[in-house]
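Trainee: Before anything else, here's the structure in question.
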Number of protein chains: 2
Amino acid sequence: MPGFEKGRVRRILSHGFSAIIAVSGPNFFYLTGKDIKSFERSLFIAATRDECLIVAPKLEEERVSDIRCGEMILYSDGEDPFPRLSAELRAMGVKGKDVIALDPEMKIDLFFKLSQSLSDFNLVNGKEAILIERMKKDDYELESIGKAASILDELFKEAESLISEGVTEAEIMMKLSFLSQQLGSDAPKSLSVQSGPNTAVPHHEYSSRKIKKGDIVLLDLVVSYEGYNADLTRVFSLGRPDAEIERAYEAVREALEAGIAGVKVGIPAGDLDFVVREKLKERGLEKQFTHRTGHGIGIDIHELPNVAPHSKDVIEERSVFTIEPGVYFPNKFGVRLEVDVVALKGRAEILGQYPLELKVI
Amino acid sequence: MPGFEKGRVRRILSHGFSAIIAVSGPNFFYLTGKDIKSFERSLFIAATRDECLIVAPKLEEERVSDIRCGEMILYSDGEDPFPRLSAELRAMGVKGKDVIALDPEMKIDLFFKLSQSLSDFNLVNGKEAILIERMKKDDYELESIGKAASILDELFKEAESLISEGVTEAEIMMKLSFLSQQLGSDAPKSLSVQSGPNTAVPHHEYSSRKIKKGDIVLLDLVVSYEGYNADLTRVFSLGRPDAEIERAYEAVREALEAGIAGVKVGIPAGDLDFVVREKLKERGLEKQFTHRTGHGIGIDIHELPNVAPHSKDVIEERSVFTIEPGVYFPNKFGVRLEVDVVALKGRAEILGQYPLELKVI
């Protein structure tokens, strides 16, 4: 896992900031390679082009010291690290009125404290700059997402033997959860196992419903590997499915293929959403497609680009995002297929190899 | 699980607010009984003494509609729910300059949007009022924490047979994780399995280290049941431990018992910390006790009261918190014991029954 990422800090600052403050969470991980849960105590870095300061509870000293970003303010319970902060930032070359980008993950509790102690600086939401830079994945990041996708391939293979009459959605979820960790994933993020009419609810997770003959079973699985997520969806059928389900499946499959073919560096993500949506419209299914086409993925499960109607997010080279058309018939069934693609010059690379056919068990 | 909790809203507002805005997360769960992950889309409630408004993505309609708090603003991707908000709050009786308590879990991204659309109101951090009220657990909450503690009892029992030569910390963690879900817990929160010298790092989680004869193994386990956490720590030894470890264990055990005996409704939590710390000081171990004595627990793993040196948090009746003295000898070993207690008039009730003795396997 990489350490302090000065290059990433500089790319974000190039959007017009003198410094960035990132709190423990995804953006802190992006800048330091460290995933630290800090519970209720403040833990953050402040970085300029050339320098970096860590503010952390003394309790976390061992875990933050190898970030080696530069200065540290370690505080004990009862101590208040904020009074020193303004002077430290000035020593790092940040001047009054300079614009400091704040991590959008920062909670208001810390923000109100920083507003007081850093009242001579201009604190703004760094969300857009940070998320645009996070879109452009480097080799290490692409490999990590690819590894997560290959773990999902294994989970889908395992599901072929887990799906059977009488087994519950929750049991399948737990077995896949266990396997994903054996395969080296981080703690599993979200393993949705939906069967029968539960497939009609896009965000259903899992329940104690028992699988029945003739059910379709939709697996929407997210795991992460070294902090990077993959998010794939496949559909299985226990016995031959209804003709109605098969028709819906083929329409979704066609829309997905059209989406993959439509990936192009530099276009607005809304154009890609349009291609997929039009394909379902040709089949009269546009009203059944109740959500966006996809979302960027990486350190977060949902990041840029937002592949949605009218989205102006530009598909950057080396951005990774899902394409996941779905159609839903309330109280009956739903079908969704989801791939993760890397936008490269002239082509889309697909992460994960598990077949896109409806798998009849 | 209870639904919309008007009584809890009113108790928080009695701290001097006209309304409260809570975002999906622990405080939203406290007020609605609903644990909804909303990813990057805004989802929140705004509640006054008598009325309640939900703002949620249309995609989440099914999951928020049974909160039945009153009005709903459901917005599609691309729509902006904020312009309507000010008028809706006025219709609920909130007047200009009125003080609105914000959920401290709110991120600055939403805060900056609210600051604009609600610029005629006085938005403040509701943290203190919310956390003070959350301290006072009702019967349902105490039962849920008690159930989580009894699941931990089972995990400690299971650990007796899992701890053996050559097994890794990670393997034990995964097996306990699986069992905790079979026993009806929510997705496991934090299952730390530390062995040998890893016990010297208070926040170590688990690793691929193999357990060896003569190791102590410290299990610091957190699981939740219907959204409420228990957090207990016990120590095992594979074979008879060193005399040095036994002495440290007895000192920690004594400090723990002194802490339990010192629980009293109405005292500052700092007084309780003092009692525990003094007991370790008598044994010359005060420098090895590098953290606070404990923390409140409930919907969050760490909430009020903060049982730390000089803490002025009042131990409220029906508050639940940990008492967890520990001593650490860097690169050698550490010992910590942790119980969850309910402060009642004249006594402390202990949740979880697993014995406090060092368990030699």
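Residue names in the structure tokens use chain letters A, B, ... in the order shown, residue numbers from 1 in each chain, and ligand numbers from 1 in the order shown.
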Within 10 Å of chain A, which residues of chain B show up when using only C-alpha atoms, listed as a ChimeraX atom specification?

Mentor: /B:39-40,58-60,62-63,76-78,102-112,124-127,170-171,174-175,177-179,181-182,187-188,201-204,290-292,300-303,306,308-311

Trainee: Hey, what's within 12 Å of Met92 (chain A) if we count only C-alpha atoms and toss same-chain stuff fewer than 4 positions away? As a tab-separated table (two decimals) with C-alpha atoms, in the first residue's frame, please?

Mentor:
```
chain	number	residue	atom	x	y	z
A	18	SER	CA	-3.14	26.66	-0.91
A	19	ALA	CA	-3.82	23.70	1.35
A	46	ALA	CA	-3.35	19.43	6.52
A	47	ALA	CA	-1.13	19.45	3.43
A	48	THR	CA	0.38	22.11	1.20
A	49	ARG	CA	2.39	21.57	-2.01
A	50	ASP	CA	5.52	20.79	-0.01
A	51	GLU	CA	4.57	20.13	3.57
A	52	CYS	CA	2.19	18.05	5.60
A	53	LEU	CA	0.92	18.06	9.17
A	70	GLY	CA	6.06	15.73	8.23
A	71	GLU	CA	4.92	17.52	11.40
A	85	LEU	CA	-3.25	24.82	14.15
A	86	SER	CA	-3.33	28.33	12.70
A	87	ALA	CA	0.33	28.97	13.60
A	88	GLU	CA	1.37	25.60	12.14
```

Trainee: Which residues are close to Phe82 (chain A), i.e. within 10 Å by only C-alpha atoms, leaving aside same-chain residues fewer than 5 positions away? Reply as a CSV table (one decimal) with N, CA and C atoms, in the first residue's frame.

Mentor:
```
chain,number,residue,atom,x,y,z
A,42,SER,N,-10.8,13.8,16.8
A,42,SER,CA,-10.4,14.4,15.5
A,42,SER,C,-9.1,13.8,15.1
A,55,VAL,N,-2.7,15.8,12.5
A,55,VAL,CA,-3.3,16.0,13.9
A,55,VAL,C,-4.0,14.7,14.3
A,73,ILE,N,0.9,16.9,15.3
A,73,ILE,CA,0.3,17.3,16.6
A,73,ILE,C,-0.4,16.1,17.2
A,75,TYR,N,-2.4,14.7,20.4
A,75,TYR,CA,-3.0,15.3,21.6
A,75,TYR,C,-3.6,14.2,22.5
A,87,ALA,N,-1.1,28.7,13.7
A,87,ALA,CA,0.3,29.0,13.6
A,87,ALA,C,1.1,27.9,12.8
A,110,LEU,N,-16.4,19.0,13.6
A,110,LEU,CA,-15.0,19.5,13.4
A,110,LEU,C,-15.0,20.8,12.7
A,113,LYS,N,-15.3,23.8,14.9
A,113,LYS,CA,-14.1,24.0,15.6
A,113,LYS,C,-13.0,24.7,14.7
A,114,LEU,N,-12.9,24.2,13.5
A,114,LEU,CA,-11.9,24.7,12.5
A,114,LEU,C,-12.3,26.2,12.1
A,116,GLN,N,-13.5,28.4,13.9
A,116,GLN,CA,-13.1,29.3,14.9
A,116,GLN,C,-11.6,29.4,14.9
A,117,SER,N,-10.8,28.3,14.9
A,117,SER,CA,-9.4,28.4,15.0
A,117,SER,C,-8.7,28.9,13.7
A,118,LEU,N,-9.4,28.7,12.6
A,118,LEU,CA,-8.8,29.1,11.3
A,118,LEU,C,-9.6,30.2,10.7
```

Trainee: Skip Gly196 (chain B) itself and residues of its chain fewer than 6 positions away, then list as a PyMOL selection string all residues within 12 Å of it, counting only C-alpha atoms.

Mentor: chain B and resi 168-169+204+206-207+209-219+235-238+241-242+245+328-335

Trainee: Deliver the residues from the most recent selection as a file, using N, CA, C and O atoms, as a CSV table (one decimal), in the first residue's frame.

Mentor:
```csv
chain,number,residue,atom,x,y,z
B,168,THR,N,-4.6,-18.6,13.3
B,168,THR,CA,-4.3,-17.2,13.2
B,168,THR,C,-5.4,-16.3,13.9
B,168,THR,O,-6.5,-16.7,14.0
B,169,GLU,N,-4.9,-15.1,14.2
B,169,GLU,CA,-5.9,-14.1,14.8
B,169,GLU,C,-7.0,-13.9,13.8
B,169,GLU,O,-8.2,-13.9,14.2
B,204,HIS,N,-5.0,-2.5,18.1
B,204,HIS,CA,-4.7,-3.5,17.1
B,204,HIS,C,-6.0,-4.3,16.9
B,204,HIS,O,-6.7,-4.6,17.8
B,206,TYR,N,-6.6,-7.3,14.2
B,206,TYR,CA,-6.2,-8.7,14.0
B,206,TYR,C,-5.2,-8.8,12.9
B,206,TYR,O,-5.0,-7.9,12.1
B,207,SER,N,-4.5,-9.9,12.9
B,207,SER,CA,-3.4,-10.1,11.8
B,207,SER,C,-3.4,-11.5,11.5
B,207,SER,O,-4.1,-12.4,12.0
B,209,ARG,N,-1.0,-13.3,12.4
B,209,ARG,CA,-0.1,-14.0,13.4
B,209,ARG,C,-0.7,-15.3,13.9
B,209,ARG,O,-1.9,-15.3,14.2
B,210,LYS,N,0.1,-16.3,14.0
B,210,LYS,CA,-0.3,-17.6,14.5
B,210,LYS,C,-0.1,-17.6,16.0
B,210,LYS,O,0.9,-17.2,16.5
B,211,ILE,N,-1.2,-18.2,16.7
B,211,ILE,CA,-1.1,-18.3,18.1
B,211,ILE,C,-0.1,-19.4,18.5
B,211,ILE,O,0.0,-20.4,17.9
B,212,LYS,N,0.7,-19.0,19.5
B,212,LYS,CA,1.7,-20.0,20.0
B,212,LYS,C,1.5,-20.3,21.5
B,212,LYS,O,0.8,-19.6,22.2
B,213,LYS,N,2.0,-21.5,21.9
B,213,LYS,CA,1.9,-22.0,23.2
B,213,LYS,C,2.5,-20.8,24.2
B,213,LYS,O,3.5,-20.3,23.9
B,214,GLY,N,1.7,-20.5,25.2
B,214,GLY,CA,2.2,-19.5,26.2
B,214,GLY,C,1.7,-18.1,25.9
B,214,GLY,O,1.9,-17.2,26.7
B,215,ASP,N,1.1,-18.0,24.7
B,215,ASP,CA,0.5,-16.6,24.4
B,215,ASP,C,-0.7,-16.3,25.2
B,215,ASP,O,-1.5,-17.2,25.6
B,216,ILE,N,-0.9,-15.0,25.5
B,216,ILE,CA,-2.2,-14.6,25.9
B,216,ILE,C,-2.9,-14.1,24.7
B,216,ILE,O,-2.3,-13.6,23.7
B,217,VAL,N,-4.2,-14.2,24.7
B,217,VAL,CA,-5.1,-13.8,23.5
B,217,VAL,C,-6.1,-12.9,24.1
B,217,VAL,O,-6.9,-13.3,25.0
B,218,LEU,N,-6.2,-11.7,23.6
B,218,LEU,CA,-7.1,-10.7,24.1
B,218,LEU,C,-8.2,-10.5,23.1
B,218,LEU,O,-7.9,-10.2,21.9
B,219,LEU,N,-9.4,-10.7,23.4
B,219,LEU,CA,-10.6,-10.5,22.5
B,219,LEU,C,-11.4,-9.3,23.0
B,219,LEU,O,-11.9,-9.3,24.1
B,235,VAL,N,-9.6,-11.9,28.4
B,235,VAL,CA,-8.3,-12.4,28.1
B,235,VAL,C,-8.2,-13.9,28.3
B,235,VAL,O,-8.7,-14.4,29.3
B,236,PHE,N,-7.6,-14.6,27.4
B,236,PHE,CA,-7.4,-16.0,27.4
B,236,PHE,C,-5.9,-16.3,27.4
B,236,PHE,O,-5.1,-15.4,27.0
B,237,SER,N,-5.5,-17.5,27.9
B,237,SER,CA,-4.1,-17.8,27.8
B,237,SER,C,-4.0,-19.3,27.3
B,237,SER,O,-4.7,-20.1,27.8
B,238,LEU,N,-3.1,-19.4,26.3
B,238,LEU,CA,-2.9,-20.8,25.8
B,238,LEU,C,-1.7,-21.4,26.6
B,238,LEU,O,-0.6,-21.2,26.3
B,241,PRO,N,0.2,-18.7,31.9
B,241,PRO,CA,0.9,-17.5,31.5
B,241,PRO,C,2.1,-17.2,32.5
B,241,PRO,O,2.1,-17.7,33.6
B,242,ASP,N,3.0,-16.3,32.1
B,242,ASP,CA,4.1,-15.8,32.9
B,242,ASP,C,3.5,-15.2,34.2
B,242,ASP,O,2.4,-14.6,34.2
B,245,ILE,N,2.6,-11.6,33.7
B,245,ILE,CA,1.2,-11.4,33.1
B,245,ILE,C,0.2,-11.6,34.1
B,245,ILE,O,-0.8,-10.8,34.2
B,328,TYR,N,-0.3,-1.8,29.5
B,328,TYR,CA,0.4,-2.2,28.2
B,328,TYR,C,1.9,-2.0,28.4
B,328,TYR,O,2.4,-1.0,28.9
B,329,PHE,N,2.6,-3.1,28.0
B,329,PHE,CA,4.1,-3.1,28.1
B,329,PHE,C,4.6,-3.3,26.6
B,329,PHE,O,4.6,-4.4,26.1
B,330,PRO,N,5.0,-2.1,26.0
B,330,PRO,CA,5.3,-2.2,24.5
B,330,PRO,C,6.2,-3.3,24.1
B,330,PRO,O,7.2,-3.6,24.8
B,331,ASN,N,5.9,-4.0,23.0
B,331,ASN,CA,6.6,-5.1,22.5
B,331,ASN,C,6.6,-6.4,23.3
B,331,ASN,O,7.2,-7.4,23.0
B,332,LYS,N,5.9,-6.3,24.5
B,332,LYS,CA,5.8,-7.5,25.3
B,332,LYS,C,4.4,-8.0,25.4
B,332,LYS,O,4.0,-8.9,24.7
B,333,PHE,N,3.6,-7.3,26.2
B,333,PHE,CA,2.2,-7.7,26.3
B,333,PHE,C,1.3,-6.6,26.8
B,333,PHE,O,1.8,-5.6,27.3
B,334,GLY,N,0.0,-6.8,26.7
B,334,GLY,CA,-1.0,-5.9,27.3
B,334,GLY,C,-2.1,-6.7,27.9
B,334,GLY,O,-2.4,-7.8,27.4
B,335,VAL,N,-2.8,-6.2,28.9
B,335,VAL,CA,-4.0,-6.9,29.4
B,335,VAL,C,-5.0,-5.8,29.6
B,335,VAL,O,-4.8,-4.7,30.1
```

Trainee: Tell me which protein, DNA and RNA residues are within 7 Å of Arg277 (chain A), counting only C-alpha atoms, leaving out same-chain ones fewer than 4 positions away, and put them as JSON, numbers by chain.

Mentor: {"A": [273, 281, 286]}

Trainee: Taking into account only C-alpha atoms, which residue in the set A:Lys147, A:Lys37, A:Lys345, A:Lys287 is nearest to Gly266 (chain A)?

Mentor: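 Closest residue, counting only C-alpha atoms: A:Lys345.
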
Trainee: Tell me which protein, DNA and RNA residues are within 12 Å of Arg253 (chain B), counting only C-alpha atoms, leaving out same-chain ones fewer than 6 positions away, and put them as an mmCIF file with N, CA, C and O atoms, in the first residue's frame.

Mentor:
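Okay, part.cif is ready:
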```cif
data_model
loop_
_atom_site.group_PDB
_atom_site.id
_atom_site.type_symbol
_atom_site.label_atom_id
_atom_site.label_comp_id
_atom_site.auth_asym_id
_atom_site.auth_seq_id
_atom_site.Cartn_x
_atom_site.Cartn_y
_atom_site.Cartn_z
ATOM 1 N N THR B 233 -14.415 -7.076 26.658
ATOM 2 C CA THR B 233 -13.063 -7.607 26.457
ATOM 3 C C THR B 233 -12.761 -8.669 27.511
ATOM 4 O O THR B 233 -13.033 -8.463 28.692
ATOM 5 N N ARG B 234 -12.216 -9.784 27.041
ATOM 6 C CA ARG B 234 -11.751 -10.837 27.948
ATOM 7 C C ARG B 234 -10.386 -11.309 27.477
ATOM 8 O O ARG B 234 -10.029 -11.138 26.306
ATOM 9 N N VAL B 235 -9.647 -11.931 28.396
ATOM 10 C CA VAL B 235 -8.299 -12.410 28.077
ATOM 11 C C VAL B 235 -8.208 -13.918 28.311
ATOM 12 O O VAL B 235 -8.719 -14.423 29.317
ATOM 13 N N GLU B 246 0.325 -12.602 34.950
ATOM 14 C CA GLU B 246 -0.683 -12.858 35.996
ATOM 15 C C GLU B 246 -0.798 -11.689 36.955
ATOM 16 O O GLU B 246 -1.895 -11.317 37.364
ATOM 17 N N ARG B 247 0.348 -11.114 37.323
ATOM 18 C CA ARG B 247 0.316 -9.959 38.237
ATOM 19 C C ARG B 247 -0.415 -8.784 37.589
ATOM 20 O O ARG B 247 -1.236 -8.133 38.215
ATOM 21 N N GLY B 259 -13.882 0.054 39.921
ATOM 22 C CA GLY B 259 -14.694 0.884 39.034
ATOM 23 C C GLY B 259 -16.164 0.521 39.133
ATOM 24 O O GLY B 259 -17.029 1.394 39.279
ATOM 25 N N ILE B 260 -16.461 -0.771 39.080
ATOM 26 C CA ILE B 260 -17.864 -1.206 39.154
ATOM 27 C C ILE B 260 -18.484 -0.743 40.471
ATOM 28 O O ILE B 260 -19.606 -0.230 40.510
ATOM 29 N N VAL B 276 -10.591 4.209 39.252
ATOM 30 C CA VAL B 276 -9.930 3.108 38.538
ATOM 31 C C VAL B 276 -8.429 3.382 38.413
ATOM 32 O O VAL B 276 -7.585 2.516 38.655
ATOM 33 N N LYS B 279 -6.407 2.908 41.608
ATOM 34 C CA LYS B 279 -6.191 1.501 41.949
ATOM 35 C C LYS B 279 -4.949 0.968 41.218
ATOM 36 O O LYS B 279 -4.157 0.214 41.795
ATOM 37 N N LEU B 280 -4.771 1.388 39.958
ATOM 38 C CA LEU B 280 -3.586 0.949 39.214
ATOM 39 C C LEU B 280 -2.332 1.665 39.719
ATOM 40 O O LEU B 280 -1.231 1.112 39.700
ATOM 41 N N ILE B 323 -16.419 -0.007 31.391
ATOM 42 C CA ILE B 323 -15.300 0.224 32.316
ATOM 43 C C ILE B 323 -14.228 -0.734 31.827
ATOM 44 O O ILE B 323 -14.461 -1.939 31.766
ATOM 45 N N GLU B 324 -13.088 -0.197 31.401
ATOM 46 C CA GLU B 324 -12.113 -1.044 30.715
ATOM 47 C C GLU B 324 -10.667 -0.667 31.013
ATOM 48 O O GLU B 324 -9.938 -0.194 30.142
ATOM 49 N N PRO B 325 -10.252 -0.907 32.270
ATOM 50 C CA PRO B 325 -8.845 -0.634 32.581
ATOM 51 C C PRO B 325 -7.936 -1.582 31.801
ATOM 52 O O PRO B 325 -8.305 -2.728 31.524
ATOM 53 N N GLY B 326 -6.745 -1.101 31.446
ATOM 54 C CA GLY B 326 -5.781 -1.933 30.740
ATOM 55 C C GLY B 326 -4.376 -1.448 31.047
ATOM 56 O O GLY B 326 -4.177 -0.272 31.353
ATOM 57 N N VAL B 327 -3.425 -2.362 30.988
ATOM 58 C CA VAL B 327 -2.013 -1.973 31.149
ATOM 59 C C VAL B 327 -1.224 -2.573 29.991
ATOM 60 O O VAL B 327 -1.486 -3.699 29.572
ATOM 61 N N VAL B 335 -2.784 -6.200 28.874
ATOM 62 C CA VAL B 335 -3.960 -6.857 29.440
ATOM 63 C C VAL B 335 -5.045 -5.810 29.624
ATOM 64 O O VAL B 335 -4.776 -4.719 30.133
ATOM 65 N N ARG B 336 -6.246 -6.126 29.170
ATOM 66 C CA ARG B 336 -7.376 -5.212 29.392
ATOM 67 C C ARG B 336 -8.608 -6.061 29.676
ATOM 68 O O ARG B 336 -8.761 -7.146 29.115
ATOM 69 N N LEU B 337 -9.455 -5.568 30.563
ATOM 70 C CA LEU B 337 -10.742 -6.209 30.816
ATOM 71 C C LEU B 337 -11.805 -5.143 30.635
ATOM 72 O O LEU B 337 -11.595 -3.988 31.016
ATOM 73 N N GLU B 338 -12.933 -5.530 30.062
ATOM 74 C CA GLU B 338 -13.955 -4.529 29.758
ATOM 75 C C GLU B 338 -15.334 -5.093 30.036
ATOM 76 O O GLU B 338 -15.683 -6.163 29.535
ATOM 77 N N VAL B 339 -16.105 -4.342 30.839
ATOM 78 C CA VAL B 339 -17.509 -4.692 31.057
ATOM 79 C C VAL B 339 -18.386 -3.524 30.608
ATOM 80 O O VAL B 339 -17.910 -2.402 30.474
ATOM 81 N N PRO B 355 -17.372 -15.041 32.613
ATOM 82 C CA PRO B 355 -16.528 -14.762 33.793
ATOM 83 C C PRO B 355 -15.372 -13.804 33.510
ATOM 84 O O PRO B 355 -14.887 -13.711 32.385
ATOM 85 N N LEU B 356 -14.947 -13.139 34.564
ATOM 86 C CA LEU B 356 -13.874 -12.151 34.446
ATOM 87 C C LEU B 356 -12.495 -12.748 34.733
ATOM 88 O O LEU B 356 -11.489 -12.049 34.608
ATOM 89 N N GLU B 357 -12.447 -14.024 35.094
ATOM 90 C CA GLU B 357 -11.148 -14.655 35.368
ATOM 91 C C GLU B 357 -10.342 -14.813 34.068
ATOM 92 O O GLU B 357 -10.906 -14.989 32.997
ATOM 93 N N LEU B 358 -9.007 -14.809 34.202
ATOM 94 C CA LEU B 358 -8.141 -15.151 33.071
ATOM 95 C C LEU B 358 -8.417 -16.611 32.715
ATOM 96 O O LEU B 358 -8.284 -17.500 33.552
#
```
